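Below: final.pdb (PDB, N, CA, C and O atoms)
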ATOM      1  N   MET A1117      35.077  86.446  63.040
ATOM      2  CA  MET A1117      34.568  85.862  61.815
ATOM      3  C   MET A1117      33.270  85.127  62.151
ATOM      4  O   MET A1117      33.249  84.252  62.999
ATOM      5  N   THR A1118      32.242  85.473  61.439
ATOM      6  CA  THR A1118      30.943  84.853  61.695
ATOM      7  C   THR A1118      30.888  83.465  61.055
ATOM      8  O   THR A1118      31.635  83.178  60.114
ATOM      9  N   PRO A1119      30.014  82.611  61.539
ATOM     10  CA  PRO A1119      29.891  81.280  60.949
ATOM     11  C   PRO A1119      29.493  81.322  59.473
ATOM     12  O   PRO A1119      29.910  80.474  58.687
ATOM     13  N   GLU A1120      28.686  82.300  59.093
ATOM     14  CA  GLU A1120      28.284  82.405  57.685
ATOM     15  C   GLU A1120      29.478  82.741  56.794
ATOM     16  O   GLU A1120      29.628  82.178  55.699
ATOM     17  N   THR A1121      30.334  83.643  57.260
ATOM     18  CA  THR A1121      31.538  83.994  56.498
ATOM     19  C   THR A1121      32.462  82.792  56.389
ATOM     20  O   THR A1121      33.032  82.527  55.329
ATOM     21  N   ARG A1122      32.619  82.071  57.476
ATOM     22  CA  ARG A1122      33.458  80.878  57.477
ATOM     23  C   ARG A1122      32.922  79.846  56.494
ATOM     24  O   ARG A1122      33.683  79.204  55.763
ATOM     25  N   LYS A1123      31.601  79.697  56.444
ATOM     26  CA  LYS A1123      30.979  78.749  55.517
ATOM     27  C   LYS A1123      31.218  79.156  54.066
ATOM     28  O   LYS A1123      31.552  78.316  53.225
ATOM     29  N   ARG A1124      31.095  80.441  53.784
ATOM     30  CA  ARG A1124      31.330  80.918  52.411
ATOM     31  C   ARG A1124      32.779  80.738  51.987
ATOM     32  O   ARG A1124      33.058  80.378  50.842
ATOM     33  N   ILE A1125      33.698  80.982  52.907
ATOM     34  CA  ILE A1125      35.119  80.790  52.602
ATOM     35  C   ILE A1125      35.400  79.318  52.326
ATOM     36  O   ILE A1125      36.133  78.982  51.393
ATOM     37  N   LEU A1126      34.827  78.435  53.110
ATOM     38  CA  LEU A1126      35.024  77.006  52.913
ATOM     39  C   LEU A1126      34.484  76.548  51.558
ATOM     40  O   LEU A1126      35.124  75.767  50.849
ATOM     41  N   ILE A1127      33.321  77.042  51.174
ATOM     42  CA  ILE A1127      32.746  76.698  49.868
ATOM     43  C   ILE A1127      33.628  77.211  48.737
ATOM     44  O   ILE A1127      33.890  76.506  47.758
ATOM     45  N   ALA A1128      34.124  78.443  48.879
ATOM     46  CA  ALA A1128      34.991  79.018  47.845
ATOM     47  C   ALA A1128      36.287  78.223  47.720
ATOM     48  O   ALA A1128      36.754  77.952  46.599
ATOM     49  N   VAL A1129      36.864  77.824  48.840
ATOM     50  CA  VAL A1129      38.101  77.032  48.808
ATOM     51  C   VAL A1129      37.850  75.675  48.163
ATOM     52  O   VAL A1129      38.675  75.195  47.377
ATOM     53  N   ALA A1130      36.716  75.051  48.443
ATOM     54  CA  ALA A1130      36.395  73.755  47.839
ATOM     55  C   ALA A1130      36.238  73.877  46.326
ATOM     56  O   ALA A1130      36.737  73.029  45.571
ATOM     57  N   ILE A1131      35.591  74.936  45.867
ATOM     58  CA  ILE A1131      35.418  75.140  44.424
ATOM     59  C   ILE A1131      36.753  75.409  43.745
ATOM     60  O   ILE A1131      37.056  74.840  42.688
ATOM     61  N   ILE A1132      37.572  76.248  44.351
ATOM     62  CA  ILE A1132      38.891  76.555  43.782
ATOM     63  C   ILE A1132      39.764  75.310  43.752
ATOM     64  O   ILE A1132      40.489  75.069  42.776
ATOM     65  N   THR A1133      39.698  74.497  44.792
ATOM     66  CA  THR A1133      40.474  73.257  44.823
ATOM     67  C   THR A1133      40.025  72.299  43.724
ATOM     68  O   THR A1133      40.858  71.686  43.053
ATOM     69  N   ALA A1134      38.723  72.179  43.506
ATOM     70  CA  ALA A1134      38.217  71.301  42.448
ATOM     71  C   ALA A1134      38.671  71.780  41.075
ATOM     72  O   ALA A1134      39.081  70.971  40.230
ATOM     73  N   ILE A1135      38.616  73.080  40.849
ATOM     74  CA  ILE A1135      39.065  73.628  39.560
ATOM     75  C   ILE A1135      40.561  73.416  39.382
ATOM     76  O   ILE A1135      41.017  73.031  38.290
ATOM     77  N   ALA A1136      41.331  73.637  40.441
ATOM     78  CA  ALA A1136      42.782  73.443  40.356
ATOM     79  C   ALA A1136      43.130  71.987  40.074
ATOM     80  O   ALA A1136      44.029  71.705  39.263
ATOM     81  N   LEU A1137      42.430  71.059  40.698
ATOM     82  CA  LEU A1137      42.686  69.641  40.435
ATOM     83  C   LEU A1137      42.369  69.270  38.995
ATOM     84  O   LEU A1137      43.091  68.489  38.373
ATOM     85  N   CYS A1138      41.303  69.845  38.455
ATOM     86  CA  CYS A1138      40.944  69.558  37.060
ATOM     87  C   CYS A1138      41.967  70.130  36.087
ATOM     88  O   CYS A1138      42.210  69.542  35.034
ATOM     89  N   ILE A1139      42.556  71.255  36.439
ATOM     90  CA  ILE A1139      43.576  71.851  35.567
ATOM     91  C   ILE A1139      44.897  71.101  35.677
ATOM     92  O   ILE A1139      45.555  70.805  34.675
ATOM     93  N   ILE A1140      45.294  70.774  36.907
ATOM     94  CA  ILE A1140      46.584  70.115  37.118
ATOM     95  C   ILE A1140      46.552  68.660  36.663
ATOM     96  O   ILE A1140      47.493  68.176  36.031
ATOM     97  N   PHE A1141      45.476  67.955  36.976
ATOM     98  CA  PHE A1141      45.353  66.551  36.628
ATOM     99  C   PHE A1141      44.174  66.371  35.668
ATOM    100  O   PHE A1141      43.030  66.307  36.105
ATOM    101  N   PRO A1142      44.432  66.267  34.376
ATOM    102  CA  PRO A1142      43.334  66.133  33.404
ATOM    103  C   PRO A1142      42.480  64.879  33.621
ATOM    104  O   PRO A1142      41.312  64.849  33.260
ATOM    105  N   ARG A1143      43.034  63.860  34.243
ATOM    106  CA  ARG A1143      42.249  62.643  34.484
ATOM    107  C   ARG A1143      41.159  62.883  35.517
ATOM    108  O   ARG A1143      40.137  62.209  35.512
ATOM    109  N   VAL A1144      41.367  63.849  36.411
ATOM    110  CA  VAL A1144      40.316  64.202  37.373
ATOM    111  C   VAL A1144      39.135  64.796  36.622
ATOM    112  O   VAL A1144      37.975  64.501  36.928
ATOM    113  N   LEU A1145      39.407  65.621  35.623
ATOM    114  CA  LEU A1145      38.345  66.200  34.812
ATOM    115  C   LEU A1145      37.593  65.115  34.050
ATOM    116  O   LEU A1145      36.358  65.124  34.003
ATOM    117  N   SER A1146      38.311  64.165  33.483
ATOM    118  CA  SER A1146      37.626  63.094  32.753
ATOM    119  C   SER A1146      36.801  62.221  33.700
ATOM    120  O   SER A1146      35.721  61.763  33.342
ATOM    121  N   PHE A1147      37.301  62.009  34.936
ATOM    122  CA  PHE A1147      36.518  61.253  35.916
ATOM    123  C   PHE A1147      35.252  62.013  36.290
ATOM    124  O   PHE A1147      34.174  61.420  36.402
ATOM    125  N   ALA A1148      35.344  63.331  36.454
ATOM    126  CA  ALA A1148      34.173  64.138  36.796
ATOM    127  C   ALA A1148      33.144  64.098  35.658
ATOM    128  O   ALA A1148      31.937  64.008  35.910
ATOM    129  N   GLN A1149      33.618  64.140  34.425
ATOM    130  CA  GLN A1149      32.704  64.069  33.288
ATOM    131  C   GLN A1149      32.030  62.697  33.212
ATOM    132  O   GLN A1149      30.828  62.598  32.958
ATOM    133  N   LEU A1150      32.792  61.643  33.462
ATOM    134  CA  LEU A1150      32.226  60.294  33.451
ATOM    135  C   LEU A1150      31.199  60.133  34.565
ATOM    136  O   LEU A1150      30.127  59.564  34.355
ATOM    137  N   ALA A1151      31.516  60.649  35.740
ATOM    138  CA  ALA A1151      30.582  60.553  36.860
ATOM    139  C   ALA A1151      29.299  61.324  36.564
ATOM    140  O   ALA A1151      28.206  60.870  36.901
ATOM    141  N   ALA A1152      29.418  62.472  35.919
ATOM    142  CA  ALA A1152      28.232  63.251  35.577
ATOM    143  C   ALA A1152      27.371  62.512  34.550
ATOM    144  O   ALA A1152      26.145  62.564  34.609
ATOM    145  N   ARG A1153      28.009  61.819  33.620
ATOM    146  CA  ARG A1153      27.253  61.052  32.631
ATOM    147  C   ARG A1153      26.574  59.843  33.253
ATOM    148  O   ARG A1153      25.436  59.517  32.926
ATOM    149  N   GLU A1154      27.277  59.175  34.144
ATOM    150  CA  GLU A1154      26.756  57.945  34.724
ATOM    151  C   GLU A1154      25.720  58.209  35.804
ATOM    152  O   GLU A1154      25.008  57.297  36.197
ATOM    153  N   ILE A1155      25.623  59.428  36.298
ATOM    154  CA  ILE A1155      24.656  59.734  37.346
ATOM    155  C   ILE A1155      23.224  59.559  36.832
ATOM    156  O   ILE A1155      22.312  59.296  37.603
ATOM    157  N   ARG A1156      23.053  59.647  35.515
ATOM    158  CA  ARG A1156      21.729  59.411  34.942
ATOM    159  C   ARG A1156      21.269  57.987  35.194
ATOM    160  O   ARG A1156      20.093  57.727  35.402
ATOM    161  N   TYR A1157      22.227  57.060  35.191
ATOM    162  CA  TYR A1157      21.877  55.660  35.345
ATOM    163  C   TYR A1157      21.926  55.204  36.797
ATOM    164  O   TYR A1157      21.283  54.239  37.159
ATOM    165  N   LEU A1158      22.720  55.883  37.621
ATOM    166  CA  LEU A1158      22.912  55.433  38.994
ATOM    167  C   LEU A1158      22.270  56.393  39.996
ATOM    168  O   LEU A1158      22.744  56.542  41.117
ATOM    169  N   TRP A1159      21.179  57.026  39.633
ATOM    170  CA  TRP A1159      20.514  57.960  40.541
ATOM    171  C   TRP A1159      19.999  57.249  41.770
ATOM    172  O   TRP A1159      19.939  57.812  42.852
ATOM    173  N   TRP A1160      19.674  55.968  41.620
ATOM    174  CA  TRP A1160      19.170  55.205  42.752
ATOM    175  C   TRP A1160      20.242  55.020  43.812
ATOM    176  O   TRP A1160      19.944  54.899  44.998
ATOM    177  N   LEU A1161      21.498  54.972  43.408
ATOM    178  CA  LEU A1161      22.592  54.849  44.364
ATOM    179  C   LEU A1161      22.691  56.096  45.240
ATOM    180  O   LEU A1161      22.897  56.006  46.455
ATOM    181  N   ILE A1162      22.494  57.260  44.637
ATOM    182  CA  ILE A1162      22.487  58.508  45.387
ATOM    183  C   ILE A1162      21.286  58.537  46.325
ATOM    184  O   ILE A1162      21.404  58.948  47.489
ATOM    185  N   LEU A1163      20.151  58.076  45.848
ATOM    186  CA  LEU A1163      18.957  58.020  46.681
ATOM    187  C   LEU A1163      19.165  57.083  47.867
ATOM    188  O   LEU A1163      18.793  57.402  49.000
ATOM    189  N   LEU A1164      19.784  55.952  47.639
ATOM    190  CA  LEU A1164      20.063  54.996  48.704
ATOM    191  C   LEU A1164      21.037  55.577  49.734
ATOM    192  O   LEU A1164      20.848  55.405  50.949
ATOM    193  N   ALA A1165      22.054  56.281  49.279
ATOM    194  CA  ALA A1165      23.000  56.921  50.200
ATOM    195  C   ALA A1165      22.307  57.999  51.025
ATOM    196  O   ALA A1165      22.544  58.113  52.235
ATOM    197  N   ALA A1166      21.452  58.786  50.393
ATOM    198  CA  ALA A1166      20.723  59.828  51.124
ATOM    199  C   ALA A1166      19.794  59.203  52.159
ATOM    200  O   ALA A1166      19.679  59.712  53.284
ATOM    201  N   LEU A1167      19.156  58.106  51.812
ATOM    202  CA  LEU A1167      18.286  57.416  52.756
ATOM    203  C   LEU A1167      19.089  56.862  53.936
ATOM    204  O   LEU A1167      18.657  56.950  55.088
ATOM    205  N   GLY A1168      20.260  56.338  53.667
ATOM    206  CA  GLY A1168      21.127  55.841  54.733
ATOM    207  C   GLY A1168      21.581  56.951  55.671
ATOM    208  O   GLY A1168      21.605  56.781  56.889
ATOM    209  N   ILE A1169      21.916  58.100  55.108
ATOM    210  CA  ILE A1169      22.300  59.246  55.939
ATOM    211  C   ILE A1169      21.118  59.716  56.768
ATOM    212  O   ILE A1169      21.256  60.022  57.954
ATOM    213  N   TYR A1170      19.941  59.751  56.170
ATOM    214  CA  TYR A1170      18.741  60.152  56.902
ATOM    215  C   TYR A1170      18.488  59.222  58.083
ATOM    216  O   TYR A1170      18.245  59.669  59.202
ATOM    217  N   PHE A1171      18.556  57.917  57.826
ATOM    218  CA  PHE A1171      18.319  56.955  58.903
ATOM    219  C   PHE A1171      19.389  57.045  59.981
ATOM    220  O   PHE A1171      19.094  56.894  61.164
ATOM    221  N   SER A1172      20.640  57.268  59.592
ATOM    222  CA  SER A1172      21.696  57.322  60.597
ATOM    223  C   SER A1172      21.541  58.526  61.514
ATOM    224  O   SER A1172      21.928  58.465  62.682
ATOM    225  N   PHE A1173      20.981  59.607  61.029
ATOM    226  CA  PHE A1173      20.813  60.797  61.868
ATOM    227  C   PHE A1173      19.497  60.810  62.634
ATOM    228  O   PHE A1173      19.446  61.291  63.760
ATOM    229  N   PHE A1174      18.419  60.303  62.061
ATOM    230  CA  PHE A1174      17.105  60.500  62.657
ATOM    231  C   PHE A1174      16.439  59.233  63.191
ATOM    232  O   PHE A1174      15.523  59.327  63.981
ATOM    233  N   PHE A1175      16.888  58.062  62.796
ATOM    234  CA  PHE A1175      16.221  56.842  63.210
ATOM    235  C   PHE A1175      16.504  56.494  64.672
ATOM    236  O   PHE A1175      15.608  56.117  65.412
ATOM    237  N   GLY A1176      17.743  56.665  65.117
ATOM    238  CA  GLY A1176      18.104  56.283  66.469
ATOM    239  C   GLY A1176      17.984  57.389  67.495
ATOM    240  O   GLY A1176      18.395  57.238  68.636
ATOM    241  N   ARG A1177      17.415  58.501  67.134
ATOM    242  CA  ARG A1177      17.306  59.641  68.029
ATOM    243  C   ARG A1177      16.230  59.391  69.096
ATOM    244  O   ARG A1177      15.157  58.903  68.795
ATOM    245  N   LYS A1178      16.563  59.754  70.332
ATOM    246  CA  LYS A1178      15.600  59.586  71.429
ATOM    247  C   LYS A1178      14.566  60.695  71.380
ATOM    248  O   LYS A1178      14.890  61.836  71.085
ATOM    249  N   LYS A1179      13.352  60.363  71.690
ATOM    250  CA  LYS A1179      12.286  61.362  71.703
ATOM    251  C   LYS A1179      12.332  62.130  73.009
ATOM    252  O   LYS A1179      12.531  61.569  74.064
ATOM    253  N   LYS A1180      12.102  63.412  72.935
ATOM    254  CA  LYS A1180      12.156  64.264  74.127
ATOM    255  C   LYS A1180      10.804  64.413  74.755
ATOM    256  O   LYS A1180       9.796  64.404  74.175
TER     257      LYS A1180
END

Would you encode the structure as structure tokens?
Amino acid sequence: MTPETRKRILIAVAIITAIALCIIFPRVLSFAQLAAREIRYLWWLILLAALGIYFSFFFGRKKK
């Protein structure tokens, strides 16, 4: 199994799991809808998290 195939299978399983959770637990669907609505107002929080991830991976790296 190639890494690309493994990656595609993992993505498909994640999507199927999300759909199954929304069907089995309707409150998960309402939470996802609320999060999608609120992302308009909290985009800066996502930007801050992305900046933190960037710094954690690239800021402390030793130069070769």

Draw an axis-aligned box tight on the listed atoms of region 1118-1135 of chain A, then pad every side by 6 Å and write out centre and edge lengths in Å to one decimal as JSON.
{"center_x": 34.7, "center_y": 78.2, "center_z": 50.0, "size_x": 24.7, "size_y": 26.5, "size_z": 35.4}

Take CA of Ile1162 (chain A) and atom N of Phe1174 (chain A) and report the distance between them in Å, one decimal. 17.3 Å

Based on DSSP run over this structure's backbone, return all residues of chain A in alpha helix (DSSP H), as number ranges by chain. A: 1119-1140, 1142-1154, 1159-1174

In Å, with one decimal, what is the gap from atom O of Val1129 (chain A) to atom N of Phe1141 (chain A)? 14.4 Å

Please write region 1120-1136 of chain A of the preceding block to a file containing all heavy atoms, as a CSV table (one decimal), in the first residue's frame?
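That gives us out08.csv:
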chain,number,residue,atom,x,y,z
A,1120,GLU,N,0.3,7.4,-0.6
A,1120,GLU,CA,-0.9,8.2,-1.1
A,1120,GLU,C,-2.2,7.4,-1.0
A,1120,GLU,O,-3.2,8.0,-0.6
A,1120,GLU,CB,-0.6,8.4,-2.6
A,1120,GLU,CG,-1.6,9.4,-3.2
A,1120,GLU,CD,-1.3,9.7,-4.7
A,1120,GLU,OE1,-0.1,9.7,-5.0
A,1120,GLU,OE2,-2.3,10.0,-5.4
A,1121,THR,N,-2.2,6.1,-1.2
A,1121,THR,CA,-3.4,5.3,-1.0
A,1121,THR,C,-3.8,5.3,0.5
A,1121,THR,O,-5.0,5.5,0.8
A,1121,THR,CB,-3.2,3.9,-1.5
A,1121,THR,OG1,-2.7,3.9,-2.8
A,1121,THR,CG2,-4.4,3.1,-1.4
A,1122,ARG,N,-2.8,5.2,1.4
A,1122,ARG,CA,-3.1,5.2,2.8
A,1122,ARG,C,-3.7,6.6,3.2
A,1122,ARG,O,-4.7,6.6,4.0
A,1122,ARG,CB,-1.8,5.0,3.5
A,1122,ARG,CG,-2.0,4.6,5.0
A,1122,ARG,CD,-0.7,4.2,5.7
A,1122,ARG,NE,-0.3,3.0,5.0
A,1122,ARG,CZ,1.0,2.6,4.9
A,1122,ARG,NH1,2.0,3.5,5.3
A,1122,ARG,NH2,1.4,1.5,4.4
A,1123,LYS,N,-3.2,7.7,2.6
A,1123,LYS,CA,-3.7,9.0,2.9
A,1123,LYS,C,-5.1,9.2,2.4
A,1123,LYS,O,-6.0,9.7,3.2
A,1123,LYS,CB,-2.8,10.0,2.3
A,1123,LYS,CG,-3.2,11.4,2.5
A,1123,LYS,CD,-2.1,12.4,1.9
A,1123,LYS,CE,-2.7,13.6,1.3
A,1123,LYS,NZ,-1.8,14.4,0.6
A,1124,ARG,N,-5.4,8.6,1.3
A,1124,ARG,CA,-6.8,8.7,0.7
A,1124,ARG,C,-7.8,7.9,1.6
A,1124,ARG,O,-8.9,8.4,1.8
A,1124,ARG,CB,-6.8,8.3,-0.7
A,1124,ARG,CG,-6.2,9.3,-1.7
A,1124,ARG,CD,-6.4,8.8,-3.1
A,1124,ARG,NE,-5.7,9.8,-4.0
A,1124,ARG,CZ,-5.6,9.7,-5.3
A,1124,ARG,NH1,-6.1,8.6,-5.8
A,1124,ARG,NH2,-5.0,10.6,-6.0
A,1125,ILE,N,-7.4,6.8,2.0
A,1125,ILE,CA,-8.2,5.9,2.8
A,1125,ILE,C,-8.5,6.6,4.2
A,1125,ILE,O,-9.6,6.6,4.7
A,1125,ILE,CB,-7.6,4.5,3.1
A,1125,ILE,CG1,-7.6,3.7,1.7
A,1125,ILE,CG2,-8.3,3.8,4.2
A,1125,ILE,CD1,-6.9,2.4,1.8
A,1126,LEU,N,-7.5,7.2,4.7
A,1126,LEU,CA,-7.7,7.9,6.0
A,1126,LEU,C,-8.6,9.1,5.9
A,1126,LEU,O,-9.5,9.3,6.7
A,1126,LEU,CB,-6.3,8.4,6.5
A,1126,LEU,CG,-6.3,9.1,7.9
A,1126,LEU,CD1,-6.8,8.2,8.9
A,1126,LEU,CD2,-4.9,9.6,8.2
A,1127,ILE,N,-8.5,9.9,4.8
A,1127,ILE,CA,-9.4,11.0,4.5
A,1127,ILE,C,-10.9,10.5,4.3
A,1127,ILE,O,-11.8,11.1,4.9
A,1127,ILE,CB,-9.0,11.8,3.3
A,1127,ILE,CG1,-7.7,12.6,3.6
A,1127,ILE,CG2,-10.0,12.8,2.8
A,1127,ILE,CD1,-7.0,13.2,2.5
A,1128,ALA,N,-11.0,9.4,3.6
A,1128,ALA,CA,-12.4,8.8,3.4
A,1128,ALA,C,-13.0,8.4,4.7
A,1128,ALA,O,-14.2,8.6,5.0
A,1128,ALA,CB,-12.3,7.7,2.4
A,1129,VAL,N,-12.2,7.7,5.5
A,1129,VAL,CA,-12.7,7.2,6.8
A,1129,VAL,C,-13.1,8.4,7.7
A,1129,VAL,O,-14.1,8.4,8.4
A,1129,VAL,CB,-11.6,6.3,7.5
A,1129,VAL,CG1,-11.9,6.1,9.0
A,1129,VAL,CG2,-11.5,5.0,6.8
A,1130,ALA,N,-12.3,9.5,7.7
A,1130,ALA,CA,-12.6,10.7,8.5
A,1130,ALA,C,-13.9,11.3,8.0
A,1130,ALA,O,-14.8,11.7,8.9
A,1130,ALA,CB,-11.5,11.7,8.4
A,1131,ILE,N,-14.1,11.4,6.7
A,1131,ILE,CA,-15.4,12.0,6.2
A,1131,ILE,C,-16.6,11.1,6.6
A,1131,ILE,O,-17.6,11.6,7.0
A,1131,ILE,CB,-15.3,12.2,4.7
A,1131,ILE,CG1,-14.3,13.3,4.4
A,1131,ILE,CG2,-16.6,12.5,4.1
A,1131,ILE,CD1,-13.9,13.5,2.9
A,1132,ILE,N,-16.4,9.8,6.4
A,1132,ILE,CA,-17.5,8.9,6.7
A,1132,ILE,C,-17.8,8.9,8.2
A,1132,ILE,O,-19.0,8.9,8.6
A,1132,ILE,CB,-17.2,7.4,6.3
A,1132,ILE,CG1,-17.2,7.4,4.7
A,1132,ILE,CG2,-18.1,6.4,6.8
A,1132,ILE,CD1,-16.6,6.1,4.1
A,1133,THR,N,-16.8,9.0,9.1
A,1133,THR,CA,-17.0,9.1,10.5
A,1133,THR,C,-17.8,10.4,10.9
A,1133,THR,O,-18.7,10.3,11.7
A,1133,THR,CB,-15.7,9.0,11.2
A,1133,THR,OG1,-15.0,7.8,10.9
A,1133,THR,CG2,-15.9,9.1,12.7
A,1134,ALA,N,-17.4,11.5,10.2
A,1134,ALA,CA,-18.1,12.7,10.5
A,1134,ALA,C,-19.6,12.7,10.1
A,1134,ALA,O,-20.4,13.1,10.8
A,1134,ALA,CB,-17.4,13.9,9.8
A,1135,ILE,N,-19.8,12.1,9.0
A,1135,ILE,CA,-21.2,12.0,8.5
A,1135,ILE,C,-22.0,11.0,9.4
A,1135,ILE,O,-23.1,11.3,9.8
A,1135,ILE,CB,-21.2,11.5,7.0
A,1135,ILE,CG1,-20.7,12.6,6.1
A,1135,ILE,CG2,-22.7,11.1,6.6
A,1135,ILE,CD1,-20.5,12.1,4.7
A,1136,ALA,N,-21.4,9.9,9.8
A,1136,ALA,CA,-22.1,9.0,10.7
A,1136,ALA,C,-22.4,9.6,12.1
A,1136,ALA,O,-23.5,9.4,12.6
A,1136,ALA,CB,-21.2,7.7,10.9
